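Visitor: One file is attached below, my_file-v7.cif, containing mmCIF, C-alpha atoms.
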```
data_my_file
#
loop_
_atom_site.group_PDB
_atom_site.id
_atom_site.type_symbol
_atom_site.label_atom_id
_atom_site.label_comp_id
_atom_site.auth_asym_id
_atom_site.auth_seq_id
_atom_site.Cartn_x
_atom_site.Cartn_y
_atom_site.Cartn_z
ATOM 1 C CA MET A 204 -20.727 1.938 9.401
ATOM 2 C CA SER A 205 -21.435 3.080 5.839
ATOM 3 C CA LYS A 206 -22.488 0.465 3.302
ATOM 4 C CA ASN A 207 -20.216 -0.351 0.390
ATOM 5 C CA ASN A 208 -21.463 0.460 -3.104
ATOM 6 C CA ILE A 209 -21.345 -2.394 -5.626
ATOM 7 C CA LEU A 210 -21.677 -2.087 -9.405
ATOM 8 C CA VAL A 211 -23.219 -5.201 -10.993
ATOM 9 C CA VAL A 212 -22.287 -5.981 -14.590
ATOM 10 C CA GLU A 213 -24.344 -8.933 -15.877
ATOM 11 C CA ASP A 214 -26.090 -9.337 -19.226
ATOM 12 C CA GLU A 215 -28.739 -11.824 -18.057
ATOM 13 C CA SER A 216 -31.547 -9.740 -16.572
ATOM 14 C CA ILE A 217 -32.828 -12.417 -14.177
ATOM 15 C CA VAL A 218 -29.336 -13.259 -12.937
ATOM 16 C CA SER A 219 -28.543 -9.566 -12.450
ATOM 17 C CA LYS A 220 -31.682 -9.047 -10.353
ATOM 18 C CA ASP A 221 -30.889 -12.133 -8.252
ATOM 19 C CA ILE A 222 -27.375 -10.820 -7.588
ATOM 20 C CA GLN A 223 -28.694 -7.382 -6.639
ATOM 21 C CA GLN A 224 -31.228 -8.935 -4.289
ATOM 22 C CA SER A 225 -28.511 -11.007 -2.629
ATOM 23 C CA LEU A 226 -26.284 -7.967 -2.264
ATOM 24 C CA LYS A 227 -29.053 -5.988 -0.585
ATOM 25 C CA LYS A 228 -29.717 -8.870 1.823
ATOM 26 C CA LEU A 229 -26.015 -8.894 2.663
ATOM 27 C CA GLY A 230 -26.107 -5.182 3.475
ATOM 28 C CA TYR A 231 -24.549 -3.640 0.370
ATOM 29 C CA ASN A 232 -25.790 -0.734 -1.730
ATOM 30 C CA ILE A 233 -26.284 -1.156 -5.476
ATOM 31 C CA ALA A 234 -24.341 1.581 -7.255
ATOM 32 C CA GLY A 235 -25.849 0.536 -10.560
ATOM 33 C CA ALA A 236 -26.418 -2.352 -12.943
ATOM 34 C CA ALA A 237 -25.168 -2.710 -16.509
ATOM 35 C CA SER A 238 -25.656 -5.357 -19.161
ATOM 36 C CA THR A 239 -22.903 -4.193 -21.535
ATOM 37 C CA GLY A 240 -19.273 -3.208 -21.170
ATOM 38 C CA GLU A 241 -19.893 0.272 -22.524
ATOM 39 C CA LYS A 242 -22.660 0.948 -19.996
ATOM 40 C CA ALA A 243 -20.505 -0.489 -17.190
ATOM 41 C CA ILE A 244 -17.667 1.930 -17.966
ATOM 42 C CA LEU A 245 -20.043 4.892 -17.961
ATOM 43 C CA LEU A 246 -21.601 3.838 -14.651
ATOM 44 C CA ALA A 247 -18.225 3.156 -13.053
ATOM 45 C CA ASN A 248 -16.971 6.626 -13.923
ATOM 46 C CA GLU A 249 -20.251 8.196 -12.851
ATOM 47 C CA THR A 250 -20.853 6.394 -9.549
ATOM 48 C CA LYS A 251 -17.281 5.518 -8.434
ATOM 49 C CA PRO A 252 -18.357 2.249 -6.752
ATOM 50 C CA ASP A 253 -16.308 0.508 -4.065
ATOM 51 C CA LEU A 254 -16.276 -2.735 -6.061
ATOM 52 C CA VAL A 255 -17.422 -4.164 -9.398
ATOM 53 C CA LEU A 256 -18.966 -7.609 -9.877
ATOM 54 C CA MET A 257 -18.158 -8.369 -13.505
ATOM 55 C CA ASP A 258 -19.566 -11.165 -15.649
ATOM 56 C CA ILE A 259 -16.781 -12.289 -17.972
ATOM 57 C CA MET A 260 -18.975 -13.380 -20.889
ATOM 58 C CA LEU A 261 -20.921 -10.207 -21.729
ATOM 59 C CA LYS A 262 -22.961 -9.834 -24.888
ATOM 60 C CA GLY A 263 -21.946 -7.084 -27.261
ATOM 61 C CA ASP A 264 -18.645 -5.708 -28.507
ATOM 62 C CA MET A 265 -16.794 -5.833 -25.180
ATOM 63 C CA SER A 266 -16.175 -8.816 -22.932
ATOM 64 C CA GLY A 267 -16.080 -8.480 -19.176
ATOM 65 C CA ILE A 268 -12.282 -8.783 -19.254
ATOM 66 C CA GLU A 269 -11.974 -5.930 -21.757
ATOM 67 C CA THR A 270 -14.387 -3.866 -19.676
ATOM 68 C CA ALA A 271 -12.375 -4.482 -16.521
ATOM 69 C CA GLU A 272 -9.212 -3.349 -18.331
ATOM 70 C CA LYS A 273 -10.882 -0.094 -19.392
ATOM 71 C CA ILE A 274 -12.162 0.590 -15.878
ATOM 72 C CA LYS A 275 -8.719 -0.113 -14.440
ATOM 73 C CA GLU A 276 -7.161 2.470 -16.784
ATOM 74 C CA THR A 277 -9.073 5.324 -15.170
ATOM 75 C CA LEU A 278 -10.322 4.100 -11.783
ATOM 76 C CA ASN A 279 -8.722 2.277 -8.879
ATOM 77 C CA ILE A 280 -11.634 -0.064 -8.189
ATOM 78 C CA PRO A 281 -11.387 -3.772 -7.277
ATOM 79 C CA VAL A 282 -13.097 -6.160 -9.679
ATOM 80 C CA ILE A 283 -14.466 -9.630 -8.943
ATOM 81 C CA TYR A 284 -15.299 -11.793 -11.945
ATOM 82 C CA LEU A 285 -18.493 -13.813 -12.160
ATOM 83 C CA THR A 286 -18.557 -16.613 -14.709
ATOM 84 C CA ALA A 287 -19.858 -20.039 -15.551
ATOM 85 C CA TYR A 288 -16.632 -20.692 -17.449
ATOM 86 C CA ALA A 289 -13.578 -21.870 -15.527
ATOM 87 C CA ASP A 290 -11.359 -23.176 -18.329
ATOM 88 C CA GLU A 291 -7.643 -22.389 -18.381
ATOM 89 C CA ASN A 292 -7.885 -20.073 -21.389
ATOM 90 C CA THR A 293 -10.487 -17.875 -19.673
ATOM 91 C CA LEU A 294 -8.506 -17.868 -16.431
ATOM 92 C CA SER A 295 -5.319 -16.876 -18.262
ATOM 93 C CA LYS A 296 -7.021 -13.904 -19.910
ATOM 94 C CA ALA A 297 -8.780 -12.861 -16.706
ATOM 95 C CA LYS A 298 -5.775 -12.954 -14.393
ATOM 96 C CA VAL A 299 -3.875 -10.435 -16.546
ATOM 97 C CA THR A 300 -6.315 -7.785 -15.322
ATOM 98 C CA GLU A 301 -5.405 -8.649 -11.701
ATOM 99 C CA PRO A 302 -8.936 -9.254 -10.371
ATOM 100 C CA TYR A 303 -9.615 -9.408 -6.642
ATOM 101 C CA GLY A 304 -11.682 -12.546 -6.935
ATOM 102 C CA TYR A 305 -13.189 -15.111 -9.269
ATOM 103 C CA ILE A 306 -16.585 -16.643 -8.475
ATOM 104 C CA ILE A 307 -17.942 -19.586 -10.437
ATOM 105 C CA LYS A 308 -21.679 -19.631 -11.182
ATOM 106 C CA PRO A 309 -23.900 -20.794 -9.628
ATOM 107 C CA PHE A 310 -22.711 -19.546 -6.250
ATOM 108 C CA LYS A 311 -24.106 -19.214 -2.751
ATOM 109 C CA GLU A 312 -24.633 -15.946 -0.904
ATOM 110 C CA ILE A 313 -21.902 -16.881 1.569
ATOM 111 C CA ASP A 314 -19.434 -17.229 -1.315
ATOM 112 C CA LEU A 315 -20.465 -13.845 -2.650
ATOM 113 C CA HIS A 316 -20.187 -12.200 0.758
ATOM 114 C CA THR A 317 -16.800 -13.749 1.549
ATOM 115 C CA SER A 318 -15.301 -12.816 -1.819
ATOM 116 C CA ILE A 319 -16.513 -9.215 -1.586
ATOM 117 C CA GLU A 320 -15.276 -8.701 1.974
ATOM 118 C CA MET A 321 -11.872 -10.202 1.193
ATOM 119 C CA ALA A 322 -11.538 -8.023 -1.911
ATOM 120 C CA LEU A 323 -12.534 -4.842 -0.079
ATOM 121 C CA TYR A 324 -10.125 -5.602 2.769
ATOM 122 C CA LYS A 325 -7.232 -6.389 0.430
ATOM 123 C CA HIS A 326 -7.861 -3.230 -1.576
ATOM 124 C CA SER A 327 -8.030 -1.034 1.541
ATOM 125 C CA LYS A 328 -4.714 -2.421 2.810
ATOM 126 C CA GLU A 329 -3.075 -1.851 -0.554
ATOM 127 C CA GLN A 330 -4.301 1.743 -0.496
ATOM 128 C CA GLU A 331 -2.867 2.263 2.987
ATOM 129 C CA ILE A 332 0.523 1.042 1.824
ATOM 130 C CA VAL A 333 0.446 3.329 -1.219
ATOM 131 C CA LYS A 334 -0.520 6.321 0.935
ATOM 132 C CA GLU A 335 2.223 5.591 3.449
ATOM 133 C CA ARG A 336 4.786 5.187 0.660
ATOM 134 C CA ASP A 337 3.774 8.416 -1.048
ATOM 135 C CA PHE A 338 3.638 10.190 2.279
ATOM 136 C CA LEU A 339 7.132 9.005 3.132
ATOM 137 C CA TYR A 340 8.499 10.524 -0.055
ATOM 138 C CA SER A 341 7.167 13.892 1.027
ATOM 139 C CA LEU A 342 7.840 13.701 4.747
ATOM 140 C CA VAL A 343 11.590 13.123 4.477
ATOM 141 C CA GLU A 344 12.344 15.408 1.541
ATOM 142 C CA ASN A 345 15.491 17.466 1.977
ATOM 143 C CA LYS A 346 13.486 20.654 1.657
ATOM 144 C CA GLU A 347 11.781 19.728 4.924
ATOM 145 C CA GLY A 348 15.018 18.464 6.461
ATOM 146 C CA ASP A 349 16.594 21.888 5.851
ATOM 147 C CA ASP A 350 14.301 23.221 8.563
ATOM 148 C CA GLY A 351 15.282 20.357 10.857
ATOM 149 C CA VAL A 352 11.721 18.988 10.988
ATOM 150 C CA ILE A 353 9.944 16.010 9.452
ATOM 151 C CA PHE A 354 6.379 14.823 9.905
ATOM 152 C CA VAL A 355 5.950 11.121 10.641
ATOM 153 C CA LYS A 356 2.662 9.239 10.316
ATOM 154 C CA SER A 357 1.758 7.538 13.586
ATOM 155 C CA ASN A 358 -1.674 6.075 14.395
ATOM 156 C CA SER A 359 -3.344 8.131 11.646
ATOM 157 C CA ARG A 360 -1.727 11.334 12.953
ATOM 158 C CA LEU A 361 1.121 13.452 11.622
ATOM 159 C CA VAL A 362 3.705 13.853 14.357
ATOM 160 C CA LYS A 363 6.354 16.560 14.078
ATOM 161 C CA VAL A 364 9.843 15.229 14.723
ATOM 162 C CA LYS A 365 13.013 17.285 14.941
ATOM 163 C CA THR A 366 15.827 15.624 13.037
ATOM 164 C CA THR A 367 18.115 16.616 15.906
ATOM 165 C CA ASP A 368 16.152 14.224 18.131
ATOM 166 C CA ILE A 369 16.689 11.209 15.866
ATOM 167 C CA LEU A 370 19.250 8.778 17.300
ATOM 168 C CA PHE A 371 19.358 6.209 14.522
ATOM 169 C CA VAL A 372 17.328 4.560 11.764
ATOM 170 C CA GLU A 373 17.050 0.786 11.580
ATOM 171 C CA ALA A 374 15.871 -1.511 8.766
ATOM 172 C CA LEU A 375 13.432 -4.319 9.602
ATOM 173 C CA LYS A 376 12.542 -6.271 6.454
ATOM 174 C CA ASP A 377 10.041 -4.101 4.514
ATOM 175 C CA TYR A 378 9.947 -1.425 7.210
ATOM 176 C CA VAL A 379 12.191 1.313 8.511
ATOM 177 C CA VAL A 380 12.186 2.281 12.186
ATOM 178 C CA ILE A 381 13.040 5.868 13.139
ATOM 179 C CA ASN A 382 14.376 5.803 16.705
ATOM 180 C CA LEU A 383 14.297 8.733 19.099
ATOM 181 C CA SER A 384 15.392 8.540 22.727
ATOM 182 C CA ASP A 385 11.846 8.001 24.017
ATOM 183 C CA VAL A 386 9.804 6.811 21.015
ATOM 184 C CA ARG A 387 10.111 4.973 17.715
ATOM 185 C CA PHE A 388 8.156 5.263 14.463
ATOM 186 C CA THR A 389 7.771 2.376 12.007
ATOM 187 C CA ILE A 390 7.077 3.255 8.381
ATOM 188 C CA HIS A 391 7.082 1.540 4.968
ATOM 189 C CA SER A 392 10.315 2.457 3.210
ATOM 190 C CA THR A 393 13.818 1.294 2.332
ATOM 191 C CA MET A 394 17.144 2.320 3.847
ATOM 192 C CA LYS A 395 18.255 3.510 0.432
ATOM 193 C CA ASP A 396 15.414 6.026 0.244
ATOM 194 C CA ILE A 397 15.915 7.194 3.818
ATOM 195 C CA GLU A 398 19.662 7.599 3.326
ATOM 196 C CA LYS A 399 19.087 9.801 0.278
ATOM 197 C CA LYS A 400 16.650 12.084 2.043
ATOM 198 C CA LEU A 401 18.148 12.584 5.490
ATOM 199 C CA PRO A 402 20.637 15.487 5.809
ATOM 200 C CA GLY A 403 23.971 14.019 4.719
ATOM 201 C CA ASN A 404 26.074 16.226 6.986
ATOM 202 C CA ASP A 405 24.253 15.028 10.101
ATOM 203 C CA PHE A 406 23.673 11.334 9.361
ATOM 204 C CA VAL A 407 25.843 8.480 8.147
ATOM 205 C CA ARG A 408 25.121 4.920 7.013
ATOM 206 C CA VAL A 409 27.258 2.631 9.187
ATOM 207 C CA HIS A 410 25.712 -0.731 8.309
ATOM 208 C CA ARG A 411 23.291 -2.086 5.735
ATOM 209 C CA SER A 412 20.651 -1.983 8.497
ATOM 210 C CA TYR A 413 21.614 1.230 10.328
ATOM 211 C CA ILE A 414 21.895 4.969 9.790
ATOM 212 C CA VAL A 415 23.059 7.024 12.792
ATOM 213 C CA ARG A 416 23.098 10.687 13.694
ATOM 214 C CA LEU A 417 26.737 11.699 14.086
ATOM 215 C CA ASN A 418 26.336 13.897 17.153
ATOM 216 C CA LYS A 419 24.448 11.127 18.976
ATOM 217 C CA ILE A 420 27.470 8.794 18.898
ATOM 218 C CA THR A 421 28.842 8.327 22.439
ATOM 219 C CA ALA A 422 31.840 6.185 21.515
ATOM 220 C CA ILE A 423 33.242 3.759 18.947
ATOM 221 C CA GLU A 424 34.466 0.418 20.260
ATOM 222 C CA GLN A 425 36.189 -1.725 17.645
ATOM 223 C CA THR A 426 33.333 -2.811 15.352
ATOM 224 C CA ASN A 427 30.477 -1.208 17.306
ATOM 225 C CA ILE A 428 29.089 2.280 17.795
ATOM 226 C CA VAL A 429 27.847 3.206 21.259
ATOM 227 C CA MET A 430 24.679 5.309 21.113
ATOM 228 C CA ASP A 431 22.494 7.095 23.629
ATOM 229 C CA GLY A 432 24.939 7.053 26.528
ATOM 230 C CA GLY A 433 25.710 3.361 26.184
ATOM 231 C CA LYS A 434 22.120 2.129 25.925
ATOM 232 C CA LYS A 435 22.478 0.957 22.321
ATOM 233 C CA LEU A 436 25.273 -0.819 20.441
ATOM 234 C CA ILE A 437 25.175 -0.598 16.653
ATOM 235 C CA PRO A 438 27.471 -2.710 14.451
ATOM 236 C CA ILE A 439 29.751 -1.090 11.892
ATOM 237 C CA GLY A 440 29.683 -2.787 8.484
ATOM 238 C CA GLY A 441 33.075 -3.230 6.840
ATOM 239 C CA SER A 442 32.102 -1.387 3.651
ATOM 240 C CA TYR A 443 30.768 1.604 5.641
ATOM 241 C CA LYS A 444 33.732 2.065 8.004
ATOM 242 C CA ASP A 445 35.704 4.477 5.824
ATOM 243 C CA ASP A 446 32.723 6.767 5.267
ATOM 244 C CA LEU A 447 32.090 6.887 9.016
ATOM 245 C CA TYR A 448 35.657 7.837 9.871
ATOM 246 C CA ASN A 449 35.707 10.438 7.102
ATOM 247 C CA LYS A 450 32.737 12.178 8.707
ATOM 248 C CA ILE A 451 33.923 12.221 12.313
ATOM 249 C CA LYS A 452 36.801 14.275 13.695
ATOM 250 C CA THR A 453 39.606 12.257 15.290
ATOM 251 C CA ILE A 454 42.815 13.359 17.018
#
```
Show this structure as structure tokens.
Guide:
Amino acid sequence: MSKNNILVVEDESIVSKDIQQSLKKLGYNIAGAASTGEKAILLANETKPDLVLMDIMLKGDMSGIETAEKIKETLNIPVIYLTAYADENTLSKAKVTEPYGYIIKPFKEIDLHTSIEMALYKHSKEQEIVKERDFLYSLVENKEGDDGVIFVKSNSRLVKVKTTDILFVEALKDYVVINLSDVRFTIHSTMKDIEKKLPGNDFVRVHRSYIVRLNKITAIEQTNIVMDGGKKLIPIGGSYKDDLYNKIKTI
């Protein structure tokens, strides 16, 4: 496993060296060390570290909070603040920059290690969500649907799915589940986004939690749709009933 690179921003030379020594003992690489905000920004842009340990009270023209703001403008790097000051005013200013941690000096190595690992984990999960969201916007675009194919992310792979094989789409809190006859794919999205991007002539929203493919409907029984040869019953929401009946042919 590759070691994470940490940028240390601390204006007290002895303290900075102690932190670097602790980081090395804990198995991290030192991306660089800076004693001023200006130098920290240069190093951050140059080395692209995995995380920044930032002293709030830096000497010079820029505070650690101002430095963190500047780094955040150009780089997506988690920042953990180091400070001997824990007053409400300092906390209020610091939290605006959305740090991934806040360690009060003096601290133990275990505190340092725990805070760094939690920050790195949180940041990685946030990045996964962003990637899945952005990927969703591209995978279900109408320009892809015109060809009858979408690519769904599953277990770090892109799986080609024919829209003709989709039975229905179901909402589960912050997720959307794309159901085929033999498999289902769970992705981060909203029903509103999915409804906009699936081919309108082939799919219809029948409930706040369901979108169905019209030619996969087996029957309609009062307030339920029968799908997949009777294997699945899907409720029909009152406000969606008219749209459903407008899209199906009845005699």
Visitor: Given 5 Å on each side, where is the centre and what are the edge lengths in Å to one decimal of the axis-aligned box enclosing the listed atoms of region 238-244 of chain A, as lines of an AutoDock Vina configuration file?
Guide:
```
center_x = -21.7
center_y = -1.7
center_z = -19.9
size_x = 18.0
size_y = 17.3
size_z = 15.3
```
Visitor: With the PyMOL selection byres ((chain A and resi 244-250) around 12) as the selection, what would be picked from this file? Answer as JSON, numbers by chain, please.
Guide: {"A": [208, 209, 210, 211, 212, 232, 233, 234, 235, 236, 237, 238, 239, 240, 241, 242, 243, 251, 252, 253, 254, 255, 256, 257, 265, 266, 267, 269, 270, 271, 272, 273, 274, 275, 276, 277, 278, 279, 280, 281, 282]}
Visitor: Once you have the residues from the selection above, write them out as a PDB file, keeping the file's coordinate frame, restricted to C-alpha atoms.
Guide:
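Saved as part20.pdb:
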```
ATOM      1  CA  ASN A 208     -21.463   0.460  -3.104  1.00  0.00           C
ATOM      2  CA  ILE A 209     -21.345  -2.394  -5.626  1.00  0.00           C
ATOM      3  CA  LEU A 210     -21.677  -2.087  -9.405  1.00  0.00           C
ATOM      4  CA  VAL A 211     -23.219  -5.201 -10.993  1.00  0.00           C
ATOM      5  CA  VAL A 212     -22.287  -5.981 -14.590  1.00  0.00           C
ATOM      6  CA  ASN A 232     -25.790  -0.734  -1.730  1.00  0.00           C
ATOM      7  CA  ILE A 233     -26.284  -1.156  -5.476  1.00  0.00           C
ATOM      8  CA  ALA A 234     -24.341   1.581  -7.255  1.00  0.00           C
ATOM      9  CA  GLY A 235     -25.849   0.536 -10.560  1.00  0.00           C
ATOM     10  CA  ALA A 236     -26.418  -2.352 -12.943  1.00  0.00           C
ATOM     11  CA  ALA A 237     -25.168  -2.710 -16.509  1.00  0.00           C
ATOM     12  CA  SER A 238     -25.656  -5.357 -19.161  1.00  0.00           C
ATOM     13  CA  THR A 239     -22.903  -4.193 -21.535  1.00  0.00           C
ATOM     14  CA  GLY A 240     -19.273  -3.208 -21.170  1.00  0.00           C
ATOM     15  CA  GLU A 241     -19.893   0.272 -22.524  1.00  0.00           C
ATOM     16  CA  LYS A 242     -22.660   0.948 -19.996  1.00  0.00           C
ATOM     17  CA  ALA A 243     -20.505  -0.489 -17.190  1.00  0.00           C
ATOM     18  CA  LYS A 251     -17.281   5.518  -8.434  1.00  0.00           C
ATOM     19  CA  PRO A 252     -18.357   2.249  -6.752  1.00  0.00           C
ATOM     20  CA  ASP A 253     -16.308   0.508  -4.065  1.00  0.00           C
ATOM     21  CA  LEU A 254     -16.276  -2.735  -6.061  1.00  0.00           C
ATOM     22  CA  VAL A 255     -17.422  -4.164  -9.398  1.00  0.00           C
ATOM     23  CA  LEU A 256     -18.966  -7.609  -9.877  1.00  0.00           C
ATOM     24  CA  MET A 257     -18.158  -8.369 -13.505  1.00  0.00           C
ATOM     25  CA  MET A 265     -16.794  -5.833 -25.180  1.00  0.00           C
ATOM     26  CA  SER A 266     -16.175  -8.816 -22.932  1.00  0.00           C
ATOM     27  CA  GLY A 267     -16.080  -8.480 -19.176  1.00  0.00           C
ATOM     28  CA  GLU A 269     -11.974  -5.930 -21.757  1.00  0.00           C
ATOM     29  CA  THR A 270     -14.387  -3.866 -19.676  1.00  0.00           C
ATOM     30  CA  ALA A 271     -12.375  -4.482 -16.521  1.00  0.00           C
ATOM     31  CA  GLU A 272      -9.212  -3.349 -18.331  1.00  0.00           C
ATOM     32  CA  LYS A 273     -10.882  -0.094 -19.392  1.00  0.00           C
ATOM     33  CA  ILE A 274     -12.162   0.590 -15.878  1.00  0.00           C
ATOM     34  CA  LYS A 275      -8.719  -0.113 -14.440  1.00  0.00           C
ATOM     35  CA  GLU A 276      -7.161   2.470 -16.784  1.00  0.00           C
ATOM     36  CA  THR A 277      -9.073   5.324 -15.170  1.00  0.00           C
ATOM     37  CA  LEU A 278     -10.322   4.100 -11.783  1.00  0.00           C
ATOM     38  CA  ASN A 279      -8.722   2.277  -8.879  1.00  0.00           C
ATOM     39  CA  ILE A 280     -11.634  -0.064  -8.189  1.00  0.00           C
ATOM     40  CA  PRO A 281     -11.387  -3.772  -7.277  1.00  0.00           C
ATOM     41  CA  VAL A 282     -13.097  -6.160  -9.679  1.00  0.00           C
TER      42      VAL A 282
END
```
Visitor: Quick check, in Å to one decimal: how far apart do CA of Thr366 (chain A) and CA of Lys435 (chain A) lie?
Guide: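 It comes out at 18.6 Å.
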Visitor: Using the chain letters and numbering of this document, enumerate as a PyMOL selection string the residues selected by the PyMOL selection byres ((chain A and resi 451) around 12).
Guide: chain A and resi 404-407+416-423+444-450+452-454
Visitor: Restrict the selected residues to C-alpha atoms and save them as an mmCIF file, in the frame of the given file.
Guide:
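part.cif, freshly written:
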```
data_model
loop_
_atom_site.group_PDB
_atom_site.id
_atom_site.type_symbol
_atom_site.label_atom_id
_atom_site.label_comp_id
_atom_site.auth_asym_id
_atom_site.auth_seq_id
_atom_site.Cartn_x
_atom_site.Cartn_y
_atom_site.Cartn_z
ATOM 1 C CA ASN A 404 26.074 16.226 6.986
ATOM 2 C CA ASP A 405 24.253 15.028 10.101
ATOM 3 C CA PHE A 406 23.673 11.334 9.361
ATOM 4 C CA VAL A 407 25.843 8.480 8.147
ATOM 5 C CA ARG A 416 23.098 10.687 13.694
ATOM 6 C CA LEU A 417 26.737 11.699 14.086
ATOM 7 C CA ASN A 418 26.336 13.897 17.153
ATOM 8 C CA LYS A 419 24.448 11.127 18.976
ATOM 9 C CA ILE A 420 27.470 8.794 18.898
ATOM 10 C CA THR A 421 28.842 8.327 22.439
ATOM 11 C CA ALA A 422 31.840 6.185 21.515
ATOM 12 C CA ILE A 423 33.242 3.759 18.947
ATOM 13 C CA LYS A 444 33.732 2.065 8.004
ATOM 14 C CA ASP A 445 35.704 4.477 5.824
ATOM 15 C CA ASP A 446 32.723 6.767 5.267
ATOM 16 C CA LEU A 447 32.090 6.887 9.016
ATOM 17 C CA TYR A 448 35.657 7.837 9.871
ATOM 18 C CA ASN A 449 35.707 10.438 7.102
ATOM 19 C CA LYS A 450 32.737 12.178 8.707
ATOM 20 C CA LYS A 452 36.801 14.275 13.695
ATOM 21 C CA THR A 453 39.606 12.257 15.290
ATOM 22 C CA ILE A 454 42.815 13.359 17.018
#
```
Visitor: Quick one: pull the distance between CA of Val355 (chain A) and CA of Val333 (chain A), Å, one decimal.
Guide: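 Distance between the two atoms: 15.2 Å.
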Visitor: List the spatial neighbours of region 373-389 of chain A as a PyMOL selection string - criterion: any atom at most 7 Å away, only C-alpha atoms, same-chain residues fewer than 2 positions off excluded.
Guide: chain A and resi 357+368-371+391-394+412-414
Visitor: Ile313 (chain A): which residues within 12 Å, counting only C-alpha atoms, same-chain residues fewer than 4 positions away excluded, as an MDAnalysis selection string?
Guide: chainID A and resid 225:226 228:229 306 317:320
Visitor: If you measure from CA of Gly304 (chain A) to CA of Val218 (chain A), what distance in Å do you get, rounded to one decimal?
Guide: 18.7 Å
Visitor: Considering only C-alpha atoms, can you say which of A:Val409, A:Ile353, A:Leu285, A:Val415 comes closest to Gly440 (chain A)?
Guide: A:Val409
Visitor: Which residues fall under the PyMOL selection byres ((chain A and resi 297) around 10) in this file, as a list of chain:residue names?
Guide: A:Ile259, A:Gly267, A:Ile268, A:Glu269, A:Ala271, A:Glu272, A:Tyr284, A:Glu291, A:Asn292, A:Thr293, A:Leu294, A:Ser295, A:Lys296, A:Lys298, A:Val299, A:Thr300, A:Glu301, A:Pro302, A:Tyr305
